[in-house]
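Reading through the structure tokens given below for one structure.
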Amino acid sequence: MSSGKDSAVDVAIVGGGIAGLIAGRDLARAGLSALVLEAKDRLGGRAFHRDSKLGMKLEIGGGFVHWLQPHLWAEMLAYGLEIESVAWIEHGYWLDKGEVRKMPIMDLMGAMTPGEIRIAEGALEAFPNPHAPFPLTDAARRADRMTVAQRLAELDLSDEERRMVAAHWTLSFNGPMEDAAWSQILRLVALAGGDWKMRGQAESRYVLKGGTSMLIDAILAESGAEHRLNAHVISIVQDEKGAALSLADGSIVRAREVIVTVPMPVVHDMAFDPPLSARKVAASRRNQVSQGVKVWMRAKGKIDGFIAFAPEDYPLTMMGTEYDVDDDTILLAFGPRSSDLDIRDVAAVQAAARQWLPDLELVAVDGHDWSADPLCRETWAMLRTGQLEDIEEFNRPEGHVRFAGGDIALGWAGHFDGAIESARRAARDIARKLSAQGGS
Ligand SMILES: Cc1cc2nc3c(=O)[nH]c(=O)nc-3n(C[C@H](O)[C@H](O)[C@H](O)COP(=O)(O)OP(=O)(O)OC[C@H]3O[C@@H](n4cnc5c(N)ncnc54)[C@H](O)[C@@H]3O)c2cc1C
């Protein structure tokens, strides 16, 4: 790591999340000098495994991983990382219209199945090659114009089936269904081979043994890139030879090429000269559906494994058991609107969690409000209607500047896998371009 100072490199990478670290590693592997500029005082971005108030290390950002995610799996294989399963679930709760029902987990899954099957119908037709979705099929384009709420209204389902499938996808979108693009469901299910259950498992069952910090440490141990913390990039000015990046500390970095890996909703905070395409700026300003919360809780006593759902009008729409600590239970919950729940407030979170378990007693809560974080402004990327083609637009370079990151991945966008895929493509393309030019 180095402190702020003027420097010149082959490639400057804005953002030190998984995408930035992977891009830096790959560029250094290709023999190029790469400098990763991270605004925060730590690397990893939304991969953030840290000590918590709950008495154990927790994934404050993303955590779930799966073998269905090929780019992530390849990194895990290369670095010898393993997965482990989170707590086993015995029963489910369904809360709706003020009434809670407890049932065996298989009954809850059974009740959700008709809606899950219907909402995912057509996934493989819309996205026959889900890692290369562009140009979009007509079916994908149609689905991208429709919200999940609109699609659900069309389906022949009972009111409860409709509300259950909406609750489940509210968890995945981390936001309300009237904002959510139906195409996003088809895309994710297509990535899971058309199997909605496996899609669900990819986002709920397995975590990295030792945490996502294991992946970050493994990349850093190998990487020949330089990483600079507290390096907030405020502008990128291009000329015929490359670009000059201005940092908030007043220093300048000159680079032949630039990769911007910041979350899509914060791209427009940086000044670009020449300006970015109007479509990129509009997409960045429009933000994404995922404006919700992820909150960890430590509850008194041992609680049998469960998962609980509620529709999107509740502050928490999903809660479940994850780990045991001493004689207590660690629970994980998600809600669709960060504005509705202060996840640092034990009493507020307890009140929300008691919607399912009235006797629940919380001793501590922990989490980070990513939606309110000015360097993120969302949780994980989930698209609004009409945004799918914005992804294609963000994959178009602008002179010496190109974009990468989990938000704009072609495949598993909104996931670690997508961050890796997108970064590897950007690094590959730049290495080819600079190699064709020769010299430095
Ligand atoms: C609560 C939550 C739960 C999630 N759950 C999962 C999950 O279970 N499984 C999964 O696969 N994915 C999950 N995700 C998504 C996953 O974490 C992200 O898709 C992935 O980490 C994105 O990596 P990235 O490098 O593209 O972006 P980021 O990790 O966001 O990195 C971008 C970096 O850019 C920095 N930055 C921003 N602006 C500037 C600037 N101007 N100058 C310099 N630096 C800047 C930021 O500080 C940040 O470190 C979750 C995310 C969240 C928030």
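FYI, nothing fancy with the structure tokens labels: chains A, B, ... in order, residues from 1 per chain, ligands from 1 as they appear.
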Can you build me a table of chain A residues sitting at most 7 Å from ligand 1, with the closest atom pair per residue and its distance in Å to one decimal, using only C-alpha atoms and all ligand atoms, sorted by chain and residue number, as JSON lines?
```
{"residue": "A:Val14", "atom": "CA", "partner": "ligand 1", "partner_atom_place_in_ligand_line": "43 (C)", "distance": 5.0}
{"residue": "A:Gly15", "atom": "CA", "partner": "ligand 1", "partner_atom_place_in_ligand_line": "34 (O)", "distance": 3.3}
{"residue": "A:Gly16", "atom": "CA", "partner": "ligand 1", "partner_atom_place_in_ligand_line": "49 (O)", "distance": 4.8}
{"residue": "A:Gly17", "atom": "CA", "partner": "ligand 1", "partner_atom_place_in_ligand_line": "31 (O)", "distance": 3.4}
{"residue": "A:Ile18", "atom": "CA", "partner": "ligand 1", "partner_atom_place_in_ligand_line": "25 (O)", "distance": 4.0}
{"residue": "A:Ala19", "atom": "CA", "partner": "ligand 1", "partner_atom_place_in_ligand_line": "25 (O)", "distance": 3.7}
{"residue": "A:Gly20", "atom": "CA", "partner": "ligand 1", "partner_atom_place_in_ligand_line": "25 (O)", "distance": 5.6}
{"residue": "A:Leu37", "atom": "CA", "partner": "ligand 1", "partner_atom_place_in_ligand_line": "43 (C)", "distance": 5.3}
{"residue": "A:Glu38", "atom": "CA", "partner": "ligand 1", "partner_atom_place_in_ligand_line": "44 (N)", "distance": 3.9}
{"residue": "A:Ala39", "atom": "CA", "partner": "ligand 1", "partner_atom_place_in_ligand_line": "44 (N)", "distance": 3.9}
{"residue": "A:Lys40", "atom": "CA", "partner": "ligand 1", "partner_atom_place_in_ligand_line": "47 (O)", "distance": 5.2}
{"residue": "A:Leu43", "atom": "CA", "partner": "ligand 1", "partner_atom_place_in_ligand_line": "49 (O)", "distance": 6.1}
{"residue": "A:Gly44", "atom": "CA", "partner": "ligand 1", "partner_atom_place_in_ligand_line": "49 (O)", "distance": 5.8}
{"residue": "A:Gly45", "atom": "CA", "partner": "ligand 1", "partner_atom_place_in_ligand_line": "49 (O)", "distance": 3.3}
{"residue": "A:Arg46", "atom": "CA", "partner": "ligand 1", "partner_atom_place_in_ligand_line": "29 (O)", "distance": 3.8}
{"residue": "A:Ala47", "atom": "CA", "partner": "ligand 1", "partner_atom_place_in_ligand_line": "21 (O)", "distance": 4.8}
{"residue": "A:Ile60", "atom": "CA", "partner": "ligand 1", "partner_atom_place_in_ligand_line": "1 (C)", "distance": 6.2}
{"residue": "A:Gly61", "atom": "CA", "partner": "ligand 1", "partner_atom_place_in_ligand_line": "2 (C)", "distance": 3.9}
{"residue": "A:Gly62", "atom": "CA", "partner": "ligand 1", "partner_atom_place_in_ligand_line": "5 (N)", "distance": 3.1}
{"residue": "A:Gly63", "atom": "CA", "partner": "ligand 1", "partner_atom_place_in_ligand_line": "8 (O)", "distance": 4.1}
{"residue": "A:Phe64", "atom": "CA", "partner": "ligand 1", "partner_atom_place_in_ligand_line": "8 (O)", "distance": 3.6}
{"residue": "A:Val65", "atom": "CA", "partner": "ligand 1", "partner_atom_place_in_ligand_line": "9 (N)", "distance": 5.6}
{"residue": "A:Glu203", "atom": "CA", "partner": "ligand 1", "partner_atom_place_in_ligand_line": "8 (O)", "distance": 5.5}
{"residue": "A:Ser204", "atom": "CA", "partner": "ligand 1", "partner_atom_place_in_ligand_line": "8 (O)", "distance": 6.9}
{"residue": "A:Ala231", "atom": "CA", "partner": "ligand 1", "partner_atom_place_in_ligand_line": "43 (C)", "distance": 5.7}
{"residue": "A:His232", "atom": "CA", "partner": "ligand 1", "partner_atom_place_in_ligand_line": "42 (N)", "distance": 3.8}
{"residue": "A:Val233", "atom": "CA", "partner": "ligand 1", "partner_atom_place_in_ligand_line": "42 (N)", "distance": 3.9}
{"residue": "A:Ile234", "atom": "CA", "partner": "ligand 1", "partner_atom_place_in_ligand_line": "41 (N)", "distance": 5.6}
{"residue": "A:Thr261", "atom": "CA", "partner": "ligand 1", "partner_atom_place_in_ligand_line": "32 (C)", "distance": 5.6}
{"residue": "A:Val262", "atom": "CA", "partner": "ligand 1", "partner_atom_place_in_ligand_line": "34 (O)", "distance": 4.0}
{"residue": "A:Pro263", "atom": "CA", "partner": "ligand 1", "partner_atom_place_in_ligand_line": "30 (O)", "distance": 5.1}
{"residue": "A:Val266", "atom": "CA", "partner": "ligand 1", "partner_atom_place_in_ligand_line": "38 (N)", "distance": 6.3}
{"residue": "A:Met270", "atom": "CA", "partner": "ligand 1", "partner_atom_place_in_ligand_line": "41 (N)", "distance": 6.2}
{"residue": "A:Val293", "atom": "CA", "partner": "ligand 1", "partner_atom_place_in_ligand_line": "1 (C)", "distance": 6.6}
{"residue": "A:Lys294", "atom": "CA", "partner": "ligand 1", "partner_atom_place_in_ligand_line": "1 (C)", "distance": 5.1}
{"residue": "A:Trp370", "atom": "CA", "partner": "ligand 1", "partner_atom_place_in_ligand_line": "53 (C)", "distance": 5.8}
{"residue": "A:Leu375", "atom": "CA", "partner": "ligand 1", "partner_atom_place_in_ligand_line": "37 (C)", "distance": 4.3}
{"residue": "A:Cys376", "atom": "CA", "partner": "ligand 1", "partner_atom_place_in_ligand_line": "30 (O)", "distance": 5.9}
{"residue": "A:Glu378", "atom": "CA", "partner": "ligand 1", "partner_atom_place_in_ligand_line": "53 (C)", "distance": 7.0}
{"residue": "A:Thr379", "atom": "CA", "partner": "ligand 1", "partner_atom_place_in_ligand_line": "53 (C)", "distance": 3.7}
{"residue": "A:Trp380", "atom": "CA", "partner": "ligand 1", "partner_atom_place_in_ligand_line": "51 (C)", "distance": 4.3}
{"residue": "A:Ala381", "atom": "CA", "partner": "ligand 1", "partner_atom_place_in_ligand_line": "19 (O)", "distance": 6.6}
{"residue": "A:Ala404", "atom": "CA", "partner": "ligand 1", "partner_atom_place_in_ligand_line": "26 (O)", "distance": 6.9}
{"residue": "A:Gly405", "atom": "CA", "partner": "ligand 1", "partner_atom_place_in_ligand_line": "26 (O)", "distance": 3.3}
{"residue": "A:Gly406", "atom": "CA", "partner": "ligand 1", "partner_atom_place_in_ligand_line": "26 (O)", "distance": 3.7}
{"residue": "A:Asp407", "atom": "CA", "partner": "ligand 1", "partner_atom_place_in_ligand_line": "26 (O)", "distance": 6.0}
{"residue": "A:Ala413", "atom": "CA", "partner": "ligand 1", "partner_atom_place_in_ligand_line": "19 (O)", "distance": 6.7}
{"residue": "A:Gly414", "atom": "CA", "partner": "ligand 1", "partner_atom_place_in_ligand_line": "19 (O)", "distance": 4.0}
{"residue": "A:His415", "atom": "CA", "partner": "ligand 1", "partner_atom_place_in_ligand_line": "11 (O)", "distance": 3.3}
{"residue": "A:Phe416", "atom": "CA", "partner": "ligand 1", "partner_atom_place_in_ligand_line": "11 (O)", "distance": 4.0}
{"residue": "A:Asp417", "atom": "CA", "partner": "ligand 1", "partner_atom_place_in_ligand_line": "11 (O)", "distance": 6.0}
{"residue": "A:Gly418", "atom": "CA", "partner": "ligand 1", "partner_atom_place_in_ligand_line": "19 (O)", "distance": 6.7}
{"residue": "A:Ala419", "atom": "CA", "partner": "ligand 1", "partner_atom_place_in_ligand_line": "26 (O)", "distance": 4.5}
```
For A:Gly411, please output as an mmCIF file with N, CA and C atoms, in the first residue's frame all residues within 12 Å (counting only C-alpha atoms; exclusion window: fewer than 5 positions along the same chain).
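Saved the output as out-v4.cif:
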```
data_model
loop_
_atom_site.group_PDB
_atom_site.id
_atom_site.type_symbol
_atom_site.label_atom_id
_atom_site.label_comp_id
_atom_site.auth_asym_id
_atom_site.auth_seq_id
_atom_site.Cartn_x
_atom_site.Cartn_y
_atom_site.Cartn_z
ATOM 1 N N LEU A 68 -22.574 -23.142 -8.987
ATOM 2 C CA LEU A 68 -23.195 -22.708 -10.241
ATOM 3 C C LEU A 68 -22.535 -21.445 -10.790
ATOM 4 N N GLN A 69 -21.652 -20.843 -9.999
ATOM 5 C CA GLN A 69 -21.055 -19.558 -10.389
ATOM 6 C C GLN A 69 -19.625 -19.808 -10.867
ATOM 7 N N PRO A 70 -19.443 -19.917 -12.195
ATOM 8 C CA PRO A 70 -18.212 -20.505 -12.729
ATOM 9 C C PRO A 70 -16.947 -19.684 -12.484
ATOM 10 N N HIS A 71 -17.067 -18.357 -12.527
ATOM 11 C CA HIS A 71 -15.849 -17.553 -12.380
ATOM 12 C C HIS A 71 -15.373 -17.557 -10.933
ATOM 13 N N LEU A 72 -16.318 -17.498 -10.024
ATOM 14 C CA LEU A 72 -15.980 -17.578 -8.597
ATOM 15 C C LEU A 72 -15.408 -18.955 -8.273
ATOM 16 N N PHE A 127 -33.277 -16.243 -22.155
ATOM 17 C CA PHE A 127 -31.814 -16.166 -21.982
ATOM 18 C C PHE A 127 -31.188 -17.522 -22.311
ATOM 19 N N PRO A 128 -31.164 -17.876 -23.613
ATOM 20 C CA PRO A 128 -30.636 -19.194 -23.979
ATOM 21 C C PRO A 128 -29.148 -19.338 -23.653
ATOM 22 N N ASN A 129 -28.412 -18.233 -23.674
ATOM 23 C CA ASN A 129 -26.986 -18.252 -23.303
ATOM 24 C C ASN A 129 -26.808 -17.152 -22.260
ATOM 25 N N PRO A 130 -27.108 -17.434 -20.999
ATOM 26 C CA PRO A 130 -27.242 -16.350 -20.019
ATOM 27 C C PRO A 130 -25.942 -15.632 -19.675
ATOM 28 N N HIS A 131 -24.790 -16.196 -20.043
ATOM 29 C CA HIS A 131 -23.535 -15.463 -19.814
ATOM 30 C C HIS A 131 -23.210 -14.526 -20.977
ATOM 31 N N ALA A 132 -24.007 -14.591 -22.041
ATOM 32 C CA ALA A 132 -23.829 -13.669 -23.178
ATOM 33 C C ALA A 132 -25.226 -13.223 -23.616
ATOM 34 N N PRO A 133 -25.893 -12.367 -22.830
ATOM 35 C CA PRO A 133 -27.307 -12.060 -23.089
ATOM 36 C C PRO A 133 -27.562 -11.086 -24.235
ATOM 37 N N PHE A 134 -26.494 -10.429 -24.744
ATOM 38 C CA PHE A 134 -26.701 -9.406 -25.786
ATOM 39 C C PHE A 134 -26.274 -9.922 -27.150
ATOM 40 N N GLN A 184 -35.100 -9.816 -14.786
ATOM 41 C CA GLN A 184 -34.046 -10.163 -13.833
ATOM 42 C C GLN A 184 -34.290 -11.564 -13.252
ATOM 43 N N LEU A 186 -35.905 -14.008 -14.829
ATOM 44 C CA LEU A 186 -35.629 -14.975 -15.898
ATOM 45 C C LEU A 186 -34.122 -15.152 -16.084
ATOM 46 N N ARG A 187 -33.415 -14.056 -15.969
ATOM 47 C CA ARG A 187 -31.962 -14.088 -16.146
ATOM 48 C C ARG A 187 -31.302 -14.959 -15.067
ATOM 49 N N LEU A 188 -31.701 -14.742 -13.818
ATOM 50 C CA LEU A 188 -31.081 -15.496 -12.717
ATOM 51 C C LEU A 188 -31.449 -16.974 -12.785
ATOM 52 N N VAL A 189 -32.703 -17.254 -13.111
ATOM 53 C CA VAL A 189 -33.112 -18.662 -13.189
ATOM 54 C C VAL A 189 -32.405 -19.334 -14.377
ATOM 55 N N ALA A 190 -32.244 -18.604 -15.482
ATOM 56 C CA ALA A 190 -31.518 -19.174 -16.627
ATOM 57 C C ALA A 190 -30.072 -19.487 -16.240
ATOM 58 N N LEU A 191 -29.459 -18.621 -15.438
ATOM 59 C CA LEU A 191 -28.076 -18.870 -14.992
ATOM 60 C C LEU A 191 -27.990 -20.138 -14.145
ATOM 61 N N ALA A 192 -29.110 -20.490 -13.504
ATOM 62 C CA ALA A 192 -29.153 -21.717 -12.698
ATOM 63 C C ALA A 192 -29.719 -22.872 -13.528
ATOM 64 N N LEU A 388 -31.768 -3.446 -18.412
ATOM 65 C CA LEU A 388 -30.894 -4.513 -18.906
ATOM 66 C C LEU A 388 -29.960 -3.989 -19.994
ATOM 67 N N ILE A 391 -26.797 -2.255 -19.038
ATOM 68 C CA ILE A 391 -25.626 -3.103 -18.772
ATOM 69 C C ILE A 391 -24.771 -3.189 -20.039
ATOM 70 N N GLU A 392 -25.457 -3.384 -21.163
ATOM 71 C CA GLU A 392 -24.728 -3.441 -22.441
ATOM 72 C C GLU A 392 -23.979 -2.119 -22.667
ATOM 73 N N GLY A 405 -17.177 -4.576 -12.882
ATOM 74 C CA GLY A 405 -17.780 -4.683 -11.547
ATOM 75 C C GLY A 405 -19.000 -5.577 -11.559
ATOM 76 N N GLY A 406 -19.360 -6.018 -10.367
ATOM 77 C CA GLY A 406 -20.482 -6.936 -10.223
ATOM 78 C C GLY A 406 -21.774 -6.375 -10.788
ATOM 79 N N PHE A 416 -20.641 -11.979 -6.490
ATOM 80 C CA PHE A 416 -19.172 -12.013 -6.587
ATOM 81 C C PHE A 416 -18.754 -12.553 -7.955
ATOM 82 N N ASP A 417 -19.470 -13.576 -8.407
ATOM 83 C CA ASP A 417 -19.128 -14.190 -9.686
ATOM 84 C C ASP A 417 -19.110 -13.147 -10.802
ATOM 85 N N GLY A 418 -20.127 -12.287 -10.795
ATOM 86 C CA GLY A 418 -20.211 -11.258 -11.826
ATOM 87 C C GLY A 418 -19.073 -10.256 -11.711
ATOM 88 N N ALA A 419 -18.681 -9.925 -10.472
ATOM 89 C CA ALA A 419 -17.570 -8.986 -10.281
ATOM 90 C C ALA A 419 -16.296 -9.568 -10.895
ATOM 91 N N ILE A 420 -16.090 -10.864 -10.689
ATOM 92 C CA ILE A 420 -14.881 -11.519 -11.216
ATOM 93 C C ILE A 420 -14.938 -11.591 -12.741
ATOM 94 N N GLU A 421 -16.084 -12.044 -13.255
ATOM 95 C CA GLU A 421 -16.247 -12.169 -14.722
ATOM 96 C C GLU A 421 -15.979 -10.837 -15.426
ATOM 97 N N SER A 422 -16.626 -9.806 -14.906
ATOM 98 C CA SER A 422 -16.537 -8.502 -15.544
ATOM 99 C C SER A 422 -15.106 -7.952 -15.479
ATOM 100 N N ARG A 425 -12.748 -9.806 -17.892
ATOM 101 C CA ARG A 425 -12.930 -9.384 -19.287
ATOM 102 C C ARG A 425 -12.257 -8.039 -19.533
#
```
Discussion item. Could you list, as a list in words, every residue within 10 Å of A:Trp169, counting only C-alpha atoms and ignoring same-chain residues fewer than 3 positions away?
Written reply: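 The residues that qualify are Glu116, Ile119, Val148, Arg163, Met164, Val165, Ala166, Ser172, Phe173, Asn174, Gly175, Pro176, Met177, Ala180, Ile185, Gly200, Pro311, Glu312 and Thr317 of chain A.
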Can I get the selection written as a PDB file, in the first residue's frame, with N, CA and C atoms?
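Generated output (selection-v6.pdb):
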```pdb
ATOM      1  N   GLU A 116     -43.459 -19.921  -7.874  1.00  0.00           N
ATOM      2  CA  GLU A 116     -42.060 -19.878  -8.317  1.00  0.00           C
ATOM      3  C   GLU A 116     -41.923 -20.443  -9.728  1.00  0.00           C
ATOM      4  N   ILE A 119     -43.604 -17.848 -12.303  1.00  0.00           N
ATOM      5  CA  ILE A 119     -42.912 -16.569 -12.547  1.00  0.00           C
ATOM      6  C   ILE A 119     -41.618 -16.793 -13.342  1.00  0.00           C
ATOM      7  N   VAL A 148     -42.100  -7.153 -12.006  1.00  0.00           N
ATOM      8  CA  VAL A 148     -42.500  -8.442 -11.430  1.00  0.00           C
ATOM      9  C   VAL A 148     -43.955  -8.346 -10.965  1.00  0.00           C
ATOM     10  N   ARG A 163     -48.702 -13.706  -3.310  1.00  0.00           N
ATOM     11  CA  ARG A 163     -48.031 -12.939  -2.253  1.00  0.00           C
ATOM     12  C   ARG A 163     -46.770 -13.666  -1.766  1.00  0.00           C
ATOM     13  N   MET A 164     -46.821 -15.011  -1.790  1.00  0.00           N
ATOM     14  CA  MET A 164     -45.635 -15.766  -1.357  1.00  0.00           C
ATOM     15  C   MET A 164     -44.482 -15.606  -2.340  1.00  0.00           C
ATOM     16  N   VAL A 165     -44.777 -15.723  -3.617  1.00  0.00           N
ATOM     17  CA  VAL A 165     -43.683 -15.608  -4.591  1.00  0.00           C
ATOM     18  C   VAL A 165     -43.149 -14.176  -4.594  1.00  0.00           C
ATOM     19  N   ALA A 166     -44.037 -13.214  -4.389  1.00  0.00           N
ATOM     20  CA  ALA A 166     -43.578 -11.816  -4.314  1.00  0.00           C
ATOM     21  C   ALA A 166     -42.665 -11.630  -3.102  1.00  0.00           C
ATOM     22  N   SER A 172     -34.824 -11.452  -2.841  1.00  0.00           N
ATOM     23  CA  SER A 172     -33.746 -11.495  -3.839  1.00  0.00           C
ATOM     24  C   SER A 172     -33.464 -10.125  -4.444  1.00  0.00           C
ATOM     25  N   PHE A 173     -34.512  -9.331  -4.632  1.00  0.00           N
ATOM     26  CA  PHE A 173     -34.309  -7.987  -5.191  1.00  0.00           C
ATOM     27  C   PHE A 173     -33.870  -7.003  -4.115  1.00  0.00           C
ATOM     28  N   ASN A 174     -34.122  -7.350  -2.847  1.00  0.00           N
ATOM     29  CA  ASN A 174     -33.866  -6.428  -1.741  1.00  0.00           C
ATOM     30  C   ASN A 174     -34.569  -5.083  -1.991  1.00  0.00           C
ATOM     31  N   GLY A 175     -35.771  -5.204  -2.545  1.00  0.00           N
ATOM     32  CA  GLY A 175     -36.552  -4.014  -2.857  1.00  0.00           C
ATOM     33  C   GLY A 175     -37.933  -4.433  -3.336  1.00  0.00           C
ATOM     34  N   PRO A 176     -38.834  -3.466  -3.520  1.00  0.00           N
ATOM     35  CA  PRO A 176     -40.228  -3.779  -3.846  1.00  0.00           C
ATOM     36  C   PRO A 176     -40.464  -4.239  -5.285  1.00  0.00           C
ATOM     37  N   MET A 177     -41.518  -5.032  -5.454  1.00  0.00           N
ATOM     38  CA  MET A 177     -41.801  -5.667  -6.747  1.00  0.00           C
ATOM     39  C   MET A 177     -42.319  -4.703  -7.807  1.00  0.00           C
ATOM     40  N   ALA A 180     -39.254  -3.798  -9.701  1.00  0.00           N
ATOM     41  CA  ALA A 180     -38.332  -4.853 -10.124  1.00  0.00           C
ATOM     42  C   ALA A 180     -38.641  -5.340 -11.536  1.00  0.00           C
ATOM     43  N   ILE A 185     -35.547 -11.892 -13.028  1.00  0.00           N
ATOM     44  CA  ILE A 185     -35.872 -13.238 -12.528  1.00  0.00           C
ATOM     45  C   ILE A 185     -35.506 -14.273 -13.585  1.00  0.00           C
ATOM     46  N   GLY A 200     -32.383 -20.419  -5.970  1.00  0.00           N
ATOM     47  CA  GLY A 200     -32.561 -20.036  -4.566  1.00  0.00           C
ATOM     48  C   GLY A 200     -31.414 -20.549  -3.710  1.00  0.00           C
ATOM     49  N   PRO A 311     -44.650 -10.480   3.269  1.00  0.00           N
ATOM     50  CA  PRO A 311     -44.714  -9.642   2.060  1.00  0.00           C
ATOM     51  C   PRO A 311     -44.000  -8.303   2.249  1.00  0.00           C
ATOM     52  N   GLU A 312     -43.872  -7.584   1.137  1.00  0.00           N
ATOM     53  CA  GLU A 312     -42.978  -6.425   1.136  1.00  0.00           C
ATOM     54  C   GLU A 312     -43.470  -5.251   1.965  1.00  0.00           C
ATOM     55  N   THR A 317     -38.636  -8.856   5.461  1.00  0.00           N
ATOM     56  CA  THR A 317     -39.444  -9.804   4.682  1.00  0.00           C
ATOM     57  C   THR A 317     -38.878 -11.218   4.745  1.00  0.00           C
TER      58      THR A 317
END
```
Practice prompt. Name the residues in contact with A:Ala353 at a cut-off of 12 Å, using only C-alpha atoms, excluding same-chain residues fewer than 2 positions from it; report them as a PyMOL selection string.
Written response: chain A and resi 93+95+295-299+307-310+314-320+331-335+341+343+346-351+355-362+365
Practice prompt. Just the strand (DSSP E) stuff from stretch 210-354 of chain A, please, per backbone DSSP, written as a ChimeraX atom specification.
Written response: /A:226-228,233-239,242-247,252-260,271-273,293-299,306-309,318-325,328-335
